[in-house]
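Comments concern the structure below.
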Amino acid sequence: MPLRQYKPTTPSRRFRRGSTYSELTRVPGTNRTLEPHKPLLEPIKRTGGRNNKGRITHRFAGGGNKKMYRIVDFKRNKLDVPGTVLSIEYDPNRTCRISLIEYTDGEKRYILTPEGLKEGQIIISSDTADIRPGNSLPLRNIPVGTQIHNIELTLGKGGQMVRSAGTSAQLMSKETKYAQVRLPSGETRRVLLTCRATIGVVGNAEHENESYGKAGKSRWLGIRPHVRGIAMTPRDHPHGGGEAQSPIGRKKGPSTPWGKPALGAKTRRNRRTDKFITRRRR
């Protein structure tokens with residue numbers, strides 16, 4: 001998916017770089033993209049970063065364009081029924097594209113679009129499926145070394161890992177009960193062989209090279225301006241105060257507005273699943 005470099009007609013456009021959306025399915029005879037499949041849409045409640053008491057629990061969030069949620073099939077539990085790729089569509093809620101699949105029984109579902117998936121191709125979720133992008137199999141039936149995405153952690157819960165644009169994991173080995181999977185972060189983790197995964201690399205890999213170019217693009221996405229702690233007063237942030245921009249963290253190191261360590265502090269506290277990690281990402 002190539003990127004478009006905008007002409008510098010304004011200062012904000014000089015550094016803006018975005019997708020051409022050339023891979024999306026168009027209405028025949030026009031340049032308009034297809035409308036999403038209405039039965040697979042749900043409204044998204046906008047919170048503005050507030051909880052049920054009206055208090056801000058997520059700072060610097062609010063505004064943004066209205067959007068509907070696309071119901072994506074992460075479980076891939078329609079087994080042994082082939083489906084045809086009807087269209088490749090834009091999803092405002094994720095970095096990759098989604099594909100509308102029509103199965104032979106008439107049901108339609110959205111899935112994440114892997115690299116190489118085209119309109120008209122046949123995909124299937126089966127224990128005996130071919131090793132082709134878009135097909136879903138249990139880990140025990142996938143050859144070692146294969147690139148996979150949309151990996152389950154709990155059998156039947158649906159894919160939870162490796163769903164962002166351009167990412168993929170690699171199946172490293174198989175043991176008695178578990179498979180060892182190397183994740184995009186570099187971490188190697190054990191996953192049950194009965195869990196499902198989808199073959200291929202998630203599409204739209206050029207997403208990481210996009211550049212907003214202007215503050216307004218962040219506002220369209222619902223991201224409000226982020227104020228630096230060093231620009232605040234001491235009562236508002238531990239980094240604040242001083243006659244000028246003084247070095248932060250002279251006593252305790254960089255910290256959050258509530259005094260918790262901000263850089264280098266361990267945040268993982270899930271001892272129950274530590275045993276499944278064979279190699280840390282660092």
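Letters for chains follow the order of the structure tokens (A, B, ...), residue numbers begin at 1 for each chain, and ligand numbers begin at 1 in the order shown.
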Discussion item. When you look at Ile248 in chain A with a cut-off of 12 Å (counting only C-alpha atoms), what residues show up, excluding the ones that are within fewer than 6 positions of it in the same chain? I need them as a VMD selection string.
Written reply: chain A and resid 228 to 231 234 237 to 242 254 to 256 262 to 263
Would you mind listing what lies within 9 Å of range 161-164 of chain A as a PDB file with C-alpha atoms, in the first residue's frame, with only C-alpha atoms counted and same-chain residues fewer than 4 positions away left out?
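See result-v9.pdb below for the written result:
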```pdb
ATOM      1  CA  ARG A  94      -7.773  -0.181  13.705  1.00  0.00           C
ATOM      2  CA  THR A  95      -4.572   0.280  11.744  1.00  0.00           C
ATOM      3  CA  CYS A  96      -5.086  -2.586   9.277  1.00  0.00           C
ATOM      4  CA  LEU A 112      -8.485  -8.804   9.382  1.00  0.00           C
ATOM      5  CA  ILE A 148       0.897 -16.102  11.816  1.00  0.00           C
ATOM      6  CA  HIS A 149      -1.366 -13.440  13.328  1.00  0.00           C
ATOM      7  CA  ASN A 150      -4.649 -13.103  15.278  1.00  0.00           C
ATOM      8  CA  ILE A 151      -3.487 -15.684  17.830  1.00  0.00           C
ATOM      9  CA  GLU A 152      -5.736 -16.985  20.593  1.00  0.00           C
ATOM     10  CA  LEU A 153      -4.559 -17.100  24.202  1.00  0.00           C
ATOM     11  CA  SER A 168       3.274 -11.103  12.493  1.00  0.00           C
ATOM     12  CA  ALA A 169       4.457 -13.765  14.913  1.00  0.00           C
ATOM     13  CA  LEU A 183       5.850 -12.281  19.123  1.00  0.00           C
ATOM     14  CA  PRO A 184       6.623  -8.995  17.307  1.00  0.00           C
ATOM     15  CA  VAL A 202      -1.318  -8.397   8.828  1.00  0.00           C
ATOM     16  CA  GLY A 203      -1.654  -6.011   5.878  1.00  0.00           C
ATOM     17  CA  ALA A 205       2.466  -2.408   6.684  1.00  0.00           C
TER      18      ALA A 205
END
```
Item to complete: Tell me which protein, DNA and RNA residues are within 10 Å of Lys157 in chain A, counting only C-alpha atoms, leaving out same-chain ones fewer than 6 positions away, and put them as a list in words.
Response: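 Once the nearby chain positions are removed, what remains is Phe74, Lys75, Asn77, Cys195 and Arg196 of chain A.
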Fill in: Test item: residues at most 9 Å from Val191 in chain A, only C-alpha atoms, excluding those fewer than 5 positions along its chain, as a ChimeraX atom specification
/A:139,151-154,177-181,276
Worksheet item: Which polymer residues have any atom within 7 Å of an atom of Ser87 in chain A, counting only C-alpha atoms, with same-chain residues fewer than 4 positions away left out, as a list of chain:residue names?
Response: A:Thr25, A:Ser99, A:Leu100, A:Glu119
Worksheet item: Closest to Gly18 in chain A among A:Gly259, A:Gly213, A:Gly222, A:Pro138, using only C-alpha atoms?
Response: A:Gly213
Response to the item:
Judged by only C-alpha atoms, the minimum distance to Met172 in chain A among A:Thr278, A:Thr30, A:Thr188, A:Ser125 is found for A:Thr188
Worksheet item: Any idea what's packed within 8 Å of Gly145 in chain A, counting only C-alpha atoms, ignoring anything in its chain fewer than 6 positions away? Could you give it as a ChimeraX atom specification?
Response: /A:170-173
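When DSSP reads the backbone of this structure, the residues of range 5-69 of chain A it assigns to strand (DSSP E or B) are Gln5, Arg17, Gly18, Ser19, Arg26, Thr33, Leu41, Glu42, Pro43, Arg50, Ile56, Ala61, Met68 and Tyr69 of chain A.
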Quick one: write out the picked residues with C-alpha atoms as a short mmCIF file (atom, residue, chain, number, x, y, z; two decimals), in the first residue's frame?
```
data_model
loop_
_atom_site.label_atom_id
_atom_site.label_comp_id
_atom_site.auth_asym_id
_atom_site.auth_seq_id
_atom_site.Cartn_x
_atom_site.Cartn_y
_atom_site.Cartn_z
CA GLN A 5 3.18 12.79 -0.13
CA ARG A 17 2.15 11.71 4.50
CA GLY A 18 -0.85 9.41 4.29
CA SER A 19 -2.20 6.32 2.60
CA ARG A 26 -14.39 0.81 -5.14
CA THR A 33 -15.20 3.25 -1.71
CA LEU A 41 -22.02 -2.12 12.41
CA GLU A 42 -22.48 -1.00 16.01
CA PRO A 43 -22.47 2.50 17.51
CA ARG A 50 -14.61 10.39 31.54
CA ILE A 56 -11.38 12.26 33.74
CA ALA A 61 -8.83 12.35 25.01
CA MET A 68 -19.20 3.19 13.83
CA TYR A 69 -17.64 0.00 15.13
#
```
Item to complete: Mind giving me the straight-line distance from CA of Ile123 in chain A to CA of Asn135 in chain A in Å, one decimal?
Response: 5.4 Å
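What separates CA of Lys266 in chain A from CA of Arg281 in chain A is a distance of 12.7 Å.
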Return as an mmCIF file with C-alpha atoms, in the first residue's frame the full set of residues in range 126-254 of chain A whose backbone-based DSSP assignment is alpha helix (DSSP H).
```cif
data_model
loop_
_atom_site.group_PDB
_atom_site.id
_atom_site.type_symbol
_atom_site.label_atom_id
_atom_site.label_comp_id
_atom_site.auth_asym_id
_atom_site.auth_seq_id
_atom_site.Cartn_x
_atom_site.Cartn_y
_atom_site.Cartn_z
ATOM 1 C CA ALA A 215 -2.272 19.107 14.938
ATOM 2 C CA GLY A 216 -5.727 18.931 13.375
ATOM 3 C CA LYS A 217 -5.220 15.314 12.282
ATOM 4 C CA SER A 218 -4.722 14.316 15.928
ATOM 5 C CA ARG A 219 -7.927 16.125 16.856
ATOM 6 C CA TRP A 220 -9.816 14.200 14.161
#
```
